[in-house]
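Asks: entry08.txt is reproduced below (compact mmCIF, C-alpha atoms and all ligand atoms).
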```
# COMPACT_ATOMS: atom_id res chain seq x y z
CA MET A 1 1.04 29.84 13.17
CA LYS A 2 3.63 32.28 14.38
CA SER A 3 4.38 33.29 17.92
CA LEU A 4 6.88 34.40 20.44
CA CYS A 5 5.13 32.50 23.17
CA ASN A 6 7.38 32.36 26.26
CA LEU A 7 5.34 29.58 27.84
CA PRO A 8 6.62 28.56 31.28
CA VAL A 9 6.47 24.86 30.49
CA ARG A 10 9.32 22.41 31.00
CA ILE A 11 10.23 18.97 29.82
CA ALA A 12 10.18 17.07 33.12
CA GLY A 13 11.25 13.75 31.64
CA LEU A 14 12.32 12.22 28.34
CA GLY A 15 12.14 8.63 27.13
CA ALA A 16 13.05 6.76 23.96
CA TYR A 17 12.62 3.28 22.60
CA VAL A 18 13.99 1.74 19.42
CA PRO A 19 13.41 -1.85 18.28
CA ASP A 20 16.24 -4.38 18.64
CA LYS A 21 16.48 -5.35 15.00
CA VAL A 22 19.23 -3.49 13.12
CA LEU A 23 19.08 -3.19 9.33
CA ASP A 24 22.49 -2.03 8.14
CA ASN A 25 23.56 -0.89 4.70
CA SER A 26 25.23 -4.20 3.86
CA MET A 27 21.85 -5.90 4.36
CA LEU A 28 20.22 -3.35 2.05
CA GLU A 29 22.90 -4.15 -0.57
CA GLN A 30 21.38 -7.66 -0.66
CA MET A 31 17.84 -6.29 -1.14
CA VAL A 32 18.18 -3.50 -3.76
CA ASP A 33 20.79 -2.18 -6.20
CA THR A 34 22.72 0.07 -3.83
CA THR A 35 25.99 0.33 -1.91
CA ASP A 36 26.98 1.26 1.60
CA GLU A 37 29.26 3.91 0.10
CA TRP A 38 26.37 5.58 -1.84
CA ILE A 39 24.02 5.59 1.14
CA VAL A 40 26.60 7.01 3.55
CA ARG A 41 27.78 9.68 1.09
CA ARG A 42 24.25 10.83 0.11
CA THR A 43 22.52 10.52 3.50
CA GLY A 44 24.95 9.83 6.38
CA ILE A 45 22.94 6.72 7.33
CA LYS A 46 24.72 3.46 8.20
CA GLU A 47 21.93 1.56 9.91
CA ARG A 48 18.35 1.88 11.09
CA ARG A 49 16.04 -0.03 13.47
CA ILE A 50 13.10 -2.11 12.29
CA ALA A 51 10.09 -3.08 14.42
CA ALA A 52 9.54 -6.80 15.03
CA PRO A 53 6.52 -8.28 13.19
CA ARG A 54 4.51 -8.32 16.43
CA GLN A 55 5.28 -4.65 17.22
CA ALA A 56 2.97 -1.83 16.11
CA THR A 57 3.44 1.91 16.57
CA SER A 58 1.57 1.86 19.90
CA ASP A 59 4.03 -0.69 21.32
CA LEU A 60 7.01 1.55 20.57
CA ALA A 61 5.12 4.62 21.81
CA ALA A 62 4.10 2.97 25.09
CA ALA A 63 7.70 1.87 25.77
CA ALA A 64 9.00 5.42 25.22
CA GLY A 65 6.12 6.93 27.20
CA ARG A 66 6.77 4.71 30.23
CA LYS A 67 10.44 5.76 30.22
CA ALA A 68 9.51 9.47 30.07
CA LEU A 69 7.16 9.04 33.05
CA LYS A 70 9.88 7.22 34.98
CA ALA A 71 12.40 9.96 34.20
CA ALA A 72 9.88 12.58 35.40
CA GLY A 73 8.98 10.54 38.50
CA LEU A 74 5.28 10.69 37.62
CA ALA A 75 2.63 7.98 37.92
CA ALA A 76 0.68 7.17 34.75
CA ARG A 77 -2.65 7.91 36.46
CA ASP A 78 -1.52 11.55 36.87
CA VAL A 79 -1.18 12.14 33.12
CA ASP A 80 -3.94 14.46 31.84
CA ALA A 81 -3.36 14.17 28.10
CA VAL A 82 -1.49 11.94 25.67
CA ILE A 83 -0.66 13.52 22.31
CA LEU A 84 0.60 10.84 19.94
CA CYS A 85 2.36 12.30 16.93
CA THR A 86 2.53 9.78 14.10
CA CYS A 87 1.87 9.27 10.41
CA THR A 88 2.00 5.49 10.83
CA PRO A 89 -0.84 4.77 13.31
CA ASP A 90 -1.91 1.28 14.35
CA HIS A 91 -5.29 1.80 12.61
CA VAL A 92 -7.32 4.47 10.77
CA PHE A 93 -9.25 4.40 14.04
CA PRO A 94 -9.22 4.01 17.01
CA ALA A 95 -6.57 6.60 17.70
CA THR A 96 -3.22 5.08 18.58
CA ALA A 97 -3.03 7.53 21.50
CA CYS A 98 -5.98 5.74 23.17
CA ILE A 99 -4.23 2.38 22.79
CA VAL A 100 -1.09 3.86 24.34
CA GLN A 101 -3.08 5.41 27.20
CA THR A 102 -4.51 2.02 28.12
CA ALA A 103 -1.16 0.24 27.69
CA ILE A 104 0.64 2.57 30.11
CA GLY A 105 -2.27 2.95 32.55
CA ALA A 106 -2.99 6.64 31.94
CA VAL A 107 -6.58 6.02 32.98
CA ASN A 108 -7.40 9.66 33.77
CA ALA A 109 -6.11 11.09 30.50
CA PHE A 110 -7.65 11.95 27.16
CA GLY A 111 -5.59 11.12 24.12
CA TYR A 112 -5.54 11.92 20.43
CA ASP A 113 -3.35 11.42 17.39
CA LEU A 114 -1.63 14.29 15.64
CA GLN A 115 -0.54 13.87 12.03
CA ALA A 116 2.09 16.26 10.74
CA ALA A 117 4.60 13.66 9.47
CA CYS A 118 8.19 14.58 10.35
CA SER A 119 7.12 17.86 11.98
CA GLY A 120 4.61 16.07 14.21
CA PHE A 121 6.57 16.19 17.46
CA LEU A 122 7.04 19.98 17.25
CA PHE A 123 3.32 20.47 16.61
CA GLY A 124 2.61 18.18 19.59
CA LEU A 125 5.05 20.01 21.84
CA MET A 126 3.36 23.31 21.03
CA GLN A 127 -0.11 21.91 21.72
CA GLY A 128 0.98 20.24 24.96
CA ALA A 129 2.61 23.45 26.18
CA ALA A 130 -0.52 25.45 25.28
CA LEU A 131 -2.77 23.00 27.17
CA ILE A 132 -0.64 23.43 30.27
CA ASP A 133 -0.31 27.19 29.96
CA SER A 134 -4.10 27.55 29.58
CA GLY A 135 -4.63 25.58 32.80
CA MET A 136 -6.50 22.79 30.98
CA ALA A 137 -3.87 20.19 31.85
CA GLU A 138 -1.00 19.77 34.30
CA ASN A 139 0.86 16.77 32.90
CA VAL A 140 0.95 16.17 29.16
CA LEU A 141 2.75 13.26 27.54
CA VAL A 142 3.82 14.10 23.99
CA ILE A 143 5.05 11.09 22.03
CA GLY A 144 6.50 10.84 18.53
CA ALA A 145 6.32 7.23 17.32
CA GLU A 146 6.60 5.63 13.89
CA THR A 147 6.80 2.29 12.13
CA LEU A 148 7.73 3.68 8.72
CA SER A 149 9.13 0.28 7.74
CA ARG A 150 5.51 -0.87 7.26
CA PHE A 151 4.91 1.81 4.61
CA THR A 152 8.29 1.55 2.90
CA ASP A 153 8.59 -0.01 -0.55
CA TRP A 154 11.50 -2.35 0.02
CA GLU A 155 11.98 -2.62 -3.75
CA ASP A 156 12.49 1.16 -4.19
CA ARG A 157 16.17 1.92 -3.60
CA SER A 158 15.65 5.69 -3.63
CA SER A 159 13.44 5.65 -0.52
CA CYS A 160 13.97 2.38 1.39
CA ILE A 161 17.46 3.37 2.45
CA LEU A 162 16.19 6.33 4.45
CA PHE A 163 13.69 5.20 7.04
CA GLY A 164 13.68 3.49 10.42
CA ASP A 165 11.30 2.78 13.31
CA GLY A 166 11.30 4.16 16.85
CA ALA A 167 9.63 6.34 19.47
CA GLY A 168 10.53 9.24 21.74
CA ALA A 169 8.46 10.91 24.46
CA ALA A 170 8.48 14.05 26.59
CA LEU A 171 6.46 14.64 29.76
CA LEU A 172 5.53 18.34 29.95
CA GLN A 173 4.73 20.22 33.16
CA LYS A 174 4.29 23.81 34.26
CA GLU A 175 7.57 25.46 35.27
CA SER A 176 7.39 27.37 38.52
CA ALA A 177 11.06 28.25 39.01
CA PRO A 178 12.04 31.60 37.48
CA GLY A 179 14.57 31.06 34.69
CA GLY A 180 13.59 27.38 34.49
CA GLY A 181 12.32 25.43 31.50
CA GLU A 182 10.42 27.42 28.91
CA VAL A 183 9.03 27.16 25.41
CA VAL A 184 10.39 30.43 24.08
CA PHE A 185 9.24 30.48 20.48
CA CYS A 186 7.25 28.38 18.01
CA GLU A 187 6.87 28.88 14.29
CA MET A 188 4.84 26.25 12.45
CA GLY A 189 3.60 26.07 8.90
CA GLY A 190 2.08 23.86 6.23
CA ASP A 191 1.23 23.83 2.52
CA ALA A 192 -0.24 21.00 0.46
CA ALA A 193 0.66 22.57 -2.90
CA ARG A 194 3.56 20.11 -3.19
CA ALA A 195 2.10 17.35 -1.03
CA ASP A 196 2.63 14.90 -3.91
CA ILE A 197 6.40 14.82 -3.45
CA LEU A 198 6.05 12.86 -0.23
CA GLU A 199 2.93 10.77 0.26
CA VAL A 200 1.26 7.41 0.77
CA PRO A 201 -1.34 7.79 -2.01
CA ALA A 202 -3.83 5.02 -1.15
CA GLY A 203 -5.67 3.70 1.88
CA GLY A 204 -7.54 6.88 2.84
CA SER A 205 -10.92 8.21 1.70
CA ARG A 206 -9.44 9.72 -1.50
CA LEU A 207 -8.14 6.44 -2.89
CA VAL A 208 -9.57 3.50 -1.01
CA ALA A 209 -7.76 0.20 -0.79
CA SER A 210 -8.45 -2.12 -3.71
CA GLU A 211 -6.70 -4.97 -5.48
CA GLU A 212 -5.46 -2.39 -7.98
CA THR A 213 -3.97 -0.04 -5.36
CA VAL A 214 -2.16 -2.98 -3.82
CA ARG A 215 -0.90 -4.20 -7.20
CA GLN A 216 0.31 -0.68 -8.04
CA ARG A 217 2.13 -0.44 -4.69
CA ARG A 218 0.15 2.71 -3.82
CA HIS A 219 0.08 1.90 -0.09
CA TYR A 220 3.79 2.55 0.17
CA MET A 221 5.50 5.87 0.63
CA GLN A 222 6.27 7.68 -2.65
CA LEU A 223 9.13 10.13 -2.36
CA GLN A 224 10.64 12.58 -4.82
CA GLY A 225 13.83 12.87 -2.81
CA ARG A 226 15.56 15.60 -4.76
CA GLU A 227 12.50 17.89 -4.55
CA VAL A 228 12.05 17.27 -0.81
CA PHE A 229 15.74 17.91 -0.29
CA LYS A 230 15.67 21.33 -2.02
CA LEU A 231 12.50 22.49 -0.30
CA ALA A 232 13.72 21.29 3.11
CA VAL A 233 17.00 23.20 2.89
CA GLY A 234 15.21 26.39 1.77
CA LYS A 235 12.42 26.24 4.34
CA LEU A 236 14.65 25.34 7.29
CA GLY A 237 16.96 28.23 6.38
CA GLU A 238 13.95 30.61 6.28
CA LEU A 239 12.82 29.33 9.68
CA VAL A 240 16.20 30.18 11.19
CA ASP A 241 16.04 33.69 9.67
CA THR A 242 12.51 34.21 11.06
CA LEU A 243 13.56 33.01 14.47
CA GLU A 244 16.48 35.45 14.55
CA GLU A 245 14.27 38.34 13.42
CA LYS A 246 11.40 37.67 15.82
CA THR A 247 13.29 36.69 18.95
CA GLY A 248 16.49 38.63 18.50
CA VAL A 249 18.32 35.50 19.60
CA ASP A 250 21.89 35.19 18.46
CA MET A 251 22.72 31.81 16.96
CA LYS A 252 25.85 31.69 19.12
CA ASP A 253 23.63 31.56 22.23
CA ILE A 254 22.03 28.33 21.07
CA SER A 255 23.70 25.42 22.83
CA LEU A 256 22.36 22.72 20.55
CA ILE A 257 20.27 22.41 17.42
CA ILE A 258 18.24 19.21 17.36
CA PRO A 259 17.02 18.89 13.80
CA HIS A 260 14.71 16.25 12.39
CA GLN A 261 17.12 13.54 11.21
CA SER A 262 16.24 13.46 7.51
CA ASN A 263 19.61 13.61 5.79
CA GLU A 264 23.05 14.58 7.08
CA ARG A 265 23.57 16.84 4.06
CA ILE A 266 20.33 18.74 4.76
CA ILE A 267 21.42 19.33 8.37
CA ARG A 268 24.92 20.44 7.33
CA SER A 269 23.51 22.86 4.72
CA VAL A 270 21.20 24.43 7.29
CA CYS A 271 24.11 24.89 9.72
CA ASP A 272 26.26 26.48 7.02
CA ARG A 273 23.50 28.89 6.03
CA ALA A 274 22.84 29.85 9.67
CA GLY A 275 26.54 30.27 10.39
CA LEU A 276 26.39 27.56 13.03
CA PRO A 277 29.31 25.29 13.78
CA GLN A 278 28.41 21.76 12.63
CA GLU A 279 29.31 20.28 16.02
CA ARG A 280 26.44 22.26 17.55
CA ALA A 281 23.90 20.17 15.57
CA TYR A 282 23.00 16.89 17.22
CA MET A 283 22.97 13.96 14.81
CA ASN A 284 22.13 10.29 15.31
CA ILE A 285 21.04 9.66 11.73
CA GLU A 286 24.01 7.34 11.21
CA ARG A 287 22.44 4.80 13.62
CA MET A 288 18.71 5.62 13.40
CA GLY A 289 17.93 6.79 9.87
CA ASN A 290 14.84 8.97 9.46
CA THR A 291 12.21 8.04 12.06
CA SER A 292 9.85 10.92 11.13
CA ALA A 293 7.95 12.26 14.18
CA ALA A 294 10.07 10.13 16.50
CA SER A 295 13.39 11.53 15.39
CA ILE A 296 13.54 14.75 17.43
CA PRO A 297 12.46 13.24 20.79
CA ILE A 298 14.80 10.25 20.32
CA ALA A 299 17.65 12.65 19.51
CA MET A 300 16.79 14.86 22.52
CA GLU A 301 16.78 11.90 24.88
CA GLN A 302 20.15 10.76 23.56
CA ALA A 303 21.60 14.29 23.67
CA VAL A 304 20.61 14.58 27.34
CA GLY A 305 22.03 11.10 28.05
CA GLU A 306 25.34 12.08 26.42
CA GLY A 307 25.52 15.33 28.41
CA LYS A 308 25.18 17.47 25.26
CA LEU A 309 21.92 19.07 26.42
CA LYS A 310 21.78 20.26 30.03
CA ARG A 311 19.21 22.04 32.17
CA GLY A 312 19.18 25.75 31.32
CA ASP A 313 20.58 25.24 27.81
CA ILE A 314 18.82 26.88 24.88
CA ALA A 315 17.93 24.32 22.21
CA LEU A 316 16.55 24.87 18.74
CA LEU A 317 14.38 22.10 17.32
CA LEU A 318 13.80 22.15 13.54
CA ALA A 319 11.64 19.95 11.33
CA PHE A 320 10.40 19.63 7.77
CA GLY A 321 8.36 16.83 6.24
CA GLY A 322 5.25 15.44 4.61
CA GLY A 323 2.23 17.69 4.26
CA LEU A 324 4.29 19.64 3.55
CA THR A 325 4.77 20.76 7.15
CA TRP A 326 7.55 22.55 8.97
CA GLY A 327 8.36 23.97 12.36
CA ALA A 328 10.94 25.60 14.60
CA THR A 329 10.77 25.51 18.39
CA LEU A 330 13.16 27.35 20.65
CA LEU A 331 13.19 26.14 24.23
CA ARG A 332 15.12 26.44 27.43
CA TYR A 333 15.60 22.87 28.57
N1 LIG B 401 21.78 3.59 -4.35
C1 LIG B 401 22.45 3.94 -5.46
N2 LIG B 401 21.99 4.85 -6.34
C2 LIG B 401 20.81 5.46 -6.05
C3 LIG B 401 20.06 5.13 -4.91
C4 LIG B 401 20.59 4.16 -4.04
N3 LIG B 401 19.96 3.78 -2.92
N4 LIG B 401 18.95 5.88 -4.91
C5 LIG B 401 18.98 6.65 -5.99
N5 LIG B 401 20.10 6.38 -6.71
C6 LIG B 401 20.55 6.99 -7.96
C7 LIG B 401 19.40 7.58 -8.76
O1 LIG B 401 18.80 6.60 -9.57
C8 LIG B 401 20.12 8.63 -9.58
O2 LIG B 401 20.75 8.01 -10.67
P1 LIG B 401 20.80 8.73 -12.12
O3 LIG B 401 21.59 10.00 -11.87
O4 LIG B 401 21.50 7.73 -12.95
O5 LIG B 401 19.37 9.01 -12.47
C9 LIG B 401 21.23 9.12 -8.64
O6 LIG B 401 21.40 8.09 -7.65
C10 LIG B 401 20.92 10.44 -7.96
O7 LIG B 401 19.59 10.35 -7.42
P2 LIG B 401 18.95 11.55 -6.59
O8 LIG B 401 17.57 11.17 -6.19
O9 LIG B 401 19.14 12.83 -7.32
O10 LIG B 401 19.91 11.52 -5.32
P3 LIG B 401 20.03 12.56 -4.15
O11 LIG B 401 21.41 13.01 -4.02
O12 LIG B 401 18.94 13.59 -4.19
O13 LIG B 401 19.76 11.64 -2.88
C11 LIG B 401 17.98 11.17 -1.34
C12 LIG B 401 18.53 10.97 -2.75
C13 LIG B 401 18.95 10.53 -0.39
C14 LIG B 401 16.62 10.50 -1.25
C15 LIG B 401 17.88 12.68 -1.03
O14 LIG B 401 17.26 13.34 -2.10
C16 LIG B 401 17.11 12.96 0.25
O15 LIG B 401 17.55 12.63 1.33
N6 LIG B 401 16.00 13.66 0.14
C17 LIG B 401 15.23 14.06 1.31
C18 LIG B 401 14.34 12.98 1.80
C19 LIG B 401 13.69 13.47 3.06
O16 LIG B 401 14.17 14.32 3.74
N7 LIG B 401 12.58 12.99 3.44
C20 LIG B 401 12.05 13.54 4.68
C21 LIG B 401 10.72 13.51 4.81
S1 LIG B 401 10.14 11.93 5.29
C22 LIG B 401 8.60 12.18 6.02
O17 LIG B 401 8.10 13.26 6.13
C23 LIG B 401 7.85 10.92 6.44
```
I'd like the structure from this file rewritten - as structure tokens, please.
Replies:
Amino acid sequence: MKSLCNLPVRIAGLGAYVPDKVLDNSMLEQMVDTTDEWIVRRTGIKERRIAAPRQATSDLAAAAGRKALKAAGLAARDVDAVILCTCTPDHVFPATACIVQTAIGAVNAFGYDLQAACSGFLFGLMQGAALIDSGMAENVLVIGAETLSRFTDWEDRSSCILFGDGAGAALLQKESAPGGGEVVFCEMGGDAARADILEVPAGGSRLVASEETVRQRRHYMQLQGREVFKLAVGKLGELVDTLEEKTGVDMKDISLIIPHQSNERIIRSVCDRAGLPQERAYMNIERMGNTSAASIPIAMEQAVGEGKLKRGDIALLLAFGGGLTWGATLLRY
């Protein structure tokens, strides 16, 4: 999907929630053969948040969603649609979005789950903006929420160091003020040719759960990190080139890049290739790790809270992840 869309849709409110429990690198040193020094040097991550045993994805999502509604000053009953972006739903069905709807009291909404792994929030943002622009909805709550810790193999040092749990949400509304919030450009893509480098192999209709799949640890995420790393750097660089070509935007006019927080080295490589000063890329990976679909909305909420993203600023959101999927969204906040 490629488009220069210029949709007059704004983010009226943002919210984020992360669980209280912190898992830092020294704790991981006790669990697998690794060191704080290795993890920080290769990924930039020092700690990540882990959901409490009683917390499922919908609990994190509902907490973030409520905060976004509060920030927008909107009652839950006025929400028309809840788009829940996640690859770690509460169940195969019902949709986690429906559970969230009920939890927050969005009784007049319809809700559905959207699965595009780490790119999920950008896909959701595009769909939410399109619903509003078409007149089919006025208030759309887009939430990225994940409990990746439940699908992490805590005996696999090459992947367990990366992931954390959390949720971020954005309440979208039509923008009526000229020069106000706008979704300027979206470029999304996907290709399953290399889906095997990042997957949870079992538990779906292809490989149903059995004693054998459990014994073989096939319900946990399998990651070929080096392959994902190379493809991510290449694809994100291409996305920036496409964006420049199609919009004519100059990278120096972008106030802030908010990339999916996958690896500090991936983000730095993309900045170097795009000729962007590193300080213009927002990073919270040190404290959050990779929270997949939740990472961009959590980062946005924190960037706004820290005064790094202000109304009227142009922000570039970039993501790459399982599927494989990828996306770039340019918006005026
Ligand atoms: N501690 C110490 N050593 C380790 C660890 C660890 N935790 N993990 C791996 N190693 C070792 C390996 O065994 C290997 O040793 P060897 O050379 O003796 O064989 C060495 O370190 C190098 O391993 P690589 O895998 O090549 O390390 P790399 O520099 O690529 O870093 C990493 C690995 C951090 C996983 C990186 O490849 C990465 O971040 N990839 C991207 C992951 C990602 O972005 N995922 C996003 C999508 S998630 C989603 O969509 C849900």
Asks: Could you jot down the atom CA of A:Asn108 to atom CA of A:Ala71 separation for me, Å, one decimal place?
Replies: 19.8 Å
Asks: Residues of chain A that have any atom at most 6 Å from an atom of ligand LIG 401 (chain B): could you tabulate them with the shortest-distance atom pair and the distance in Å to one decimal, using only C-alpha atoms and all ligand atoms, ordered by chain and increasing number, as CSV?
Replies:
```
residue,atom,partner,partner_atom,distance
A:Thr34,CA,B:LIG401,N1,3.7
A:Thr35,CA,B:LIG401,N1,5.9
A:Trp38,CA,B:LIG401,C1,5.6
A:Arg42,CA,B:LIG401,C13,5.3
A:Thr43,CA,B:LIG401,C13,5.3
A:Ala117,CA,B:LIG401,O17,4.9
A:Cys118,CA,B:LIG401,O17,4.4
A:Arg157,CA,B:LIG401,N3,4.3
A:Ser158,CA,B:LIG401,N4,3.5
A:Ser159,CA,B:LIG401,C14,5.8
A:Ile161,CA,B:LIG401,N3,5.9
A:Gly225,CA,B:LIG401,O14,3.5
A:Arg226,CA,B:LIG401,O14,3.9
A:Val228,CA,B:LIG401,C17,5.0
A:Phe229,CA,B:LIG401,C17,4.2
A:Ser262,CA,B:LIG401,O16,4.4
A:Asn263,CA,B:LIG401,O15,5.0
A:Ser292,CA,B:LIG401,C23,5.1
A:Gly321,CA,B:LIG401,O17,3.6
A:Gly322,CA,B:LIG401,O17,3.9
```
Asks: Measuring between all atoms listed in the file, which one of A:Met283, A:Leu324, A:Ala145, A:Leu131 shows the shortest distance to A:Ala56?
Replies: A:Ala145
Asks: Padding of 8 Å on every side, edges along x, y and z, all listed atoms of stretch 204-216 of chain A included: what centre and edge lengths in Å, to one decimal, does that box have, as JSON?
Replies:
```
{"center_x": -5.3, "center_y": 2.4, "center_z": -2.6, "size_x": 27.2, "size_y": 30.7, "size_z": 26.9}
```
Asks: Rank A:Glu264, A:Glu227, A:Glu146, A:Asp33 by their smallest atom-to-atom distance to A:Ala294, using all atoms listed in the file, and report the top residue only.
Replies: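 Smallest separation from A:Ala294 among the options: A:Glu146.
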Asks: Kindly give the distance, in Å, that separates atom CA of A:Pro201 and atom CA of A:Lys230, rounded to a single decimal.
Replies: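 A separation of 21.7 Å between them.
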Asks: My structure is short of atoms at stretch 244-252 of chain A; please model all heavy atoms there, returning them as an mmCIF file, in the coordinates of the input.
Replies:
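Written file, out-v3.cif:
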```cif
data_model
loop_
_atom_site.group_PDB
_atom_site.id
_atom_site.type_symbol
_atom_site.label_atom_id
_atom_site.label_comp_id
_atom_site.auth_asym_id
_atom_site.auth_seq_id
_atom_site.Cartn_x
_atom_site.Cartn_y
_atom_site.Cartn_z
ATOM 1 N N GLU A 244 15.532 34.390 14.163
ATOM 2 C CA GLU A 244 16.480 35.450 14.550
ATOM 3 C C GLU A 244 15.786 36.808 14.563
ATOM 4 O O GLU A 244 15.958 37.592 15.499
ATOM 5 C CB GLU A 244 17.667 35.462 13.571
ATOM 6 C CG GLU A 244 18.625 34.318 13.812
ATOM 7 C CD GLU A 244 19.798 34.334 12.852
ATOM 8 O OE1 GLU A 244 19.572 34.500 11.633
ATOM 9 O OE2 GLU A 244 20.929 34.172 13.305
ATOM 10 N N GLU A 245 14.972 37.046 13.508
ATOM 11 C CA GLU A 245 14.270 38.340 13.420
ATOM 12 C C GLU A 245 13.303 38.535 14.587
ATOM 13 O O GLU A 245 13.255 39.576 15.212
ATOM 14 C CB GLU A 245 13.406 38.374 12.161
ATOM 15 C CG GLU A 245 14.054 38.967 10.950
ATOM 16 C CD GLU A 245 13.199 38.675 9.714
ATOM 17 O OE1 GLU A 245 11.960 38.773 9.822
ATOM 18 O OE2 GLU A 245 13.794 38.320 8.681
ATOM 19 N N LYS A 246 12.491 37.495 14.857
ATOM 20 C CA LYS A 246 11.400 37.670 15.820
ATOM 21 C C LYS A 246 11.830 37.588 17.277
ATOM 22 O O LYS A 246 11.182 38.164 18.147
ATOM 23 C CB LYS A 246 10.316 36.621 15.569
ATOM 24 C CG LYS A 246 9.565 36.866 14.293
ATOM 25 C CD LYS A 246 8.294 36.069 14.279
ATOM 26 C CE LYS A 246 7.526 36.378 13.019
ATOM 27 N NZ LYS A 246 6.344 35.550 12.878
ATOM 28 N N THR A 247 12.887 36.856 17.548
ATOM 29 C CA THR A 247 13.290 36.690 18.950
ATOM 30 C C THR A 247 14.518 37.520 19.289
ATOM 31 O O THR A 247 14.799 37.755 20.461
ATOM 32 C CB THR A 247 13.633 35.219 19.271
ATOM 33 O OG1 THR A 247 14.796 34.862 18.518
ATOM 34 C CG2 THR A 247 12.495 34.291 18.933
ATOM 35 N N GLY A 248 15.248 37.912 18.259
ATOM 36 C CA GLY A 248 16.490 38.630 18.500
ATOM 37 C C GLY A 248 17.584 37.728 19.039
ATOM 38 O O GLY A 248 18.658 38.187 19.430
ATOM 39 N N VAL A 249 17.317 36.420 19.063
ATOM 40 C CA VAL A 249 18.320 35.500 19.600
ATOM 41 C C VAL A 249 19.520 35.432 18.650
ATOM 42 O O VAL A 249 19.374 35.532 17.436
ATOM 43 C CB VAL A 249 17.705 34.088 19.817
ATOM 44 C CG1 VAL A 249 17.492 33.348 18.514
ATOM 45 C CG2 VAL A 249 18.569 33.246 20.737
ATOM 46 N N ASP A 250 20.686 35.327 19.254
ATOM 47 C CA ASP A 250 21.890 35.190 18.460
ATOM 48 C C ASP A 250 22.199 33.694 18.364
ATOM 49 O O ASP A 250 22.153 32.994 19.370
ATOM 50 C CB ASP A 250 23.043 35.920 19.193
ATOM 51 C CG ASP A 250 24.236 36.113 18.277
ATOM 52 O OD1 ASP A 250 24.550 35.171 17.530
ATOM 53 O OD2 ASP A 250 24.838 37.205 18.325
ATOM 54 N N MET A 251 22.482 33.246 17.143
ATOM 55 C CA MET A 251 22.720 31.810 16.960
ATOM 56 C C MET A 251 23.833 31.282 17.880
ATOM 57 O O MET A 251 23.845 30.112 18.239
ATOM 58 C CB MET A 251 23.072 31.495 15.502
ATOM 59 C CG MET A 251 21.858 31.445 14.602
ATOM 60 S SD MET A 251 20.772 30.068 15.028
ATOM 61 C CE MET A 251 19.197 30.850 14.970
ATOM 62 N N LYS A 252 24.759 32.182 18.270
ATOM 63 C CA LYS A 252 25.850 31.690 19.120
ATOM 64 C C LYS A 252 25.387 31.384 20.544
ATOM 65 O O LYS A 252 26.076 30.699 21.296
ATOM 66 C CB LYS A 252 27.058 32.637 19.081
ATOM 67 C CG LYS A 252 26.908 33.932 19.807
ATOM 68 C CD LYS A 252 28.263 34.650 19.801
ATOM 69 C CE LYS A 252 28.252 36.067 20.321
ATOM 70 N NZ LYS A 252 27.096 36.643 20.927
#
```
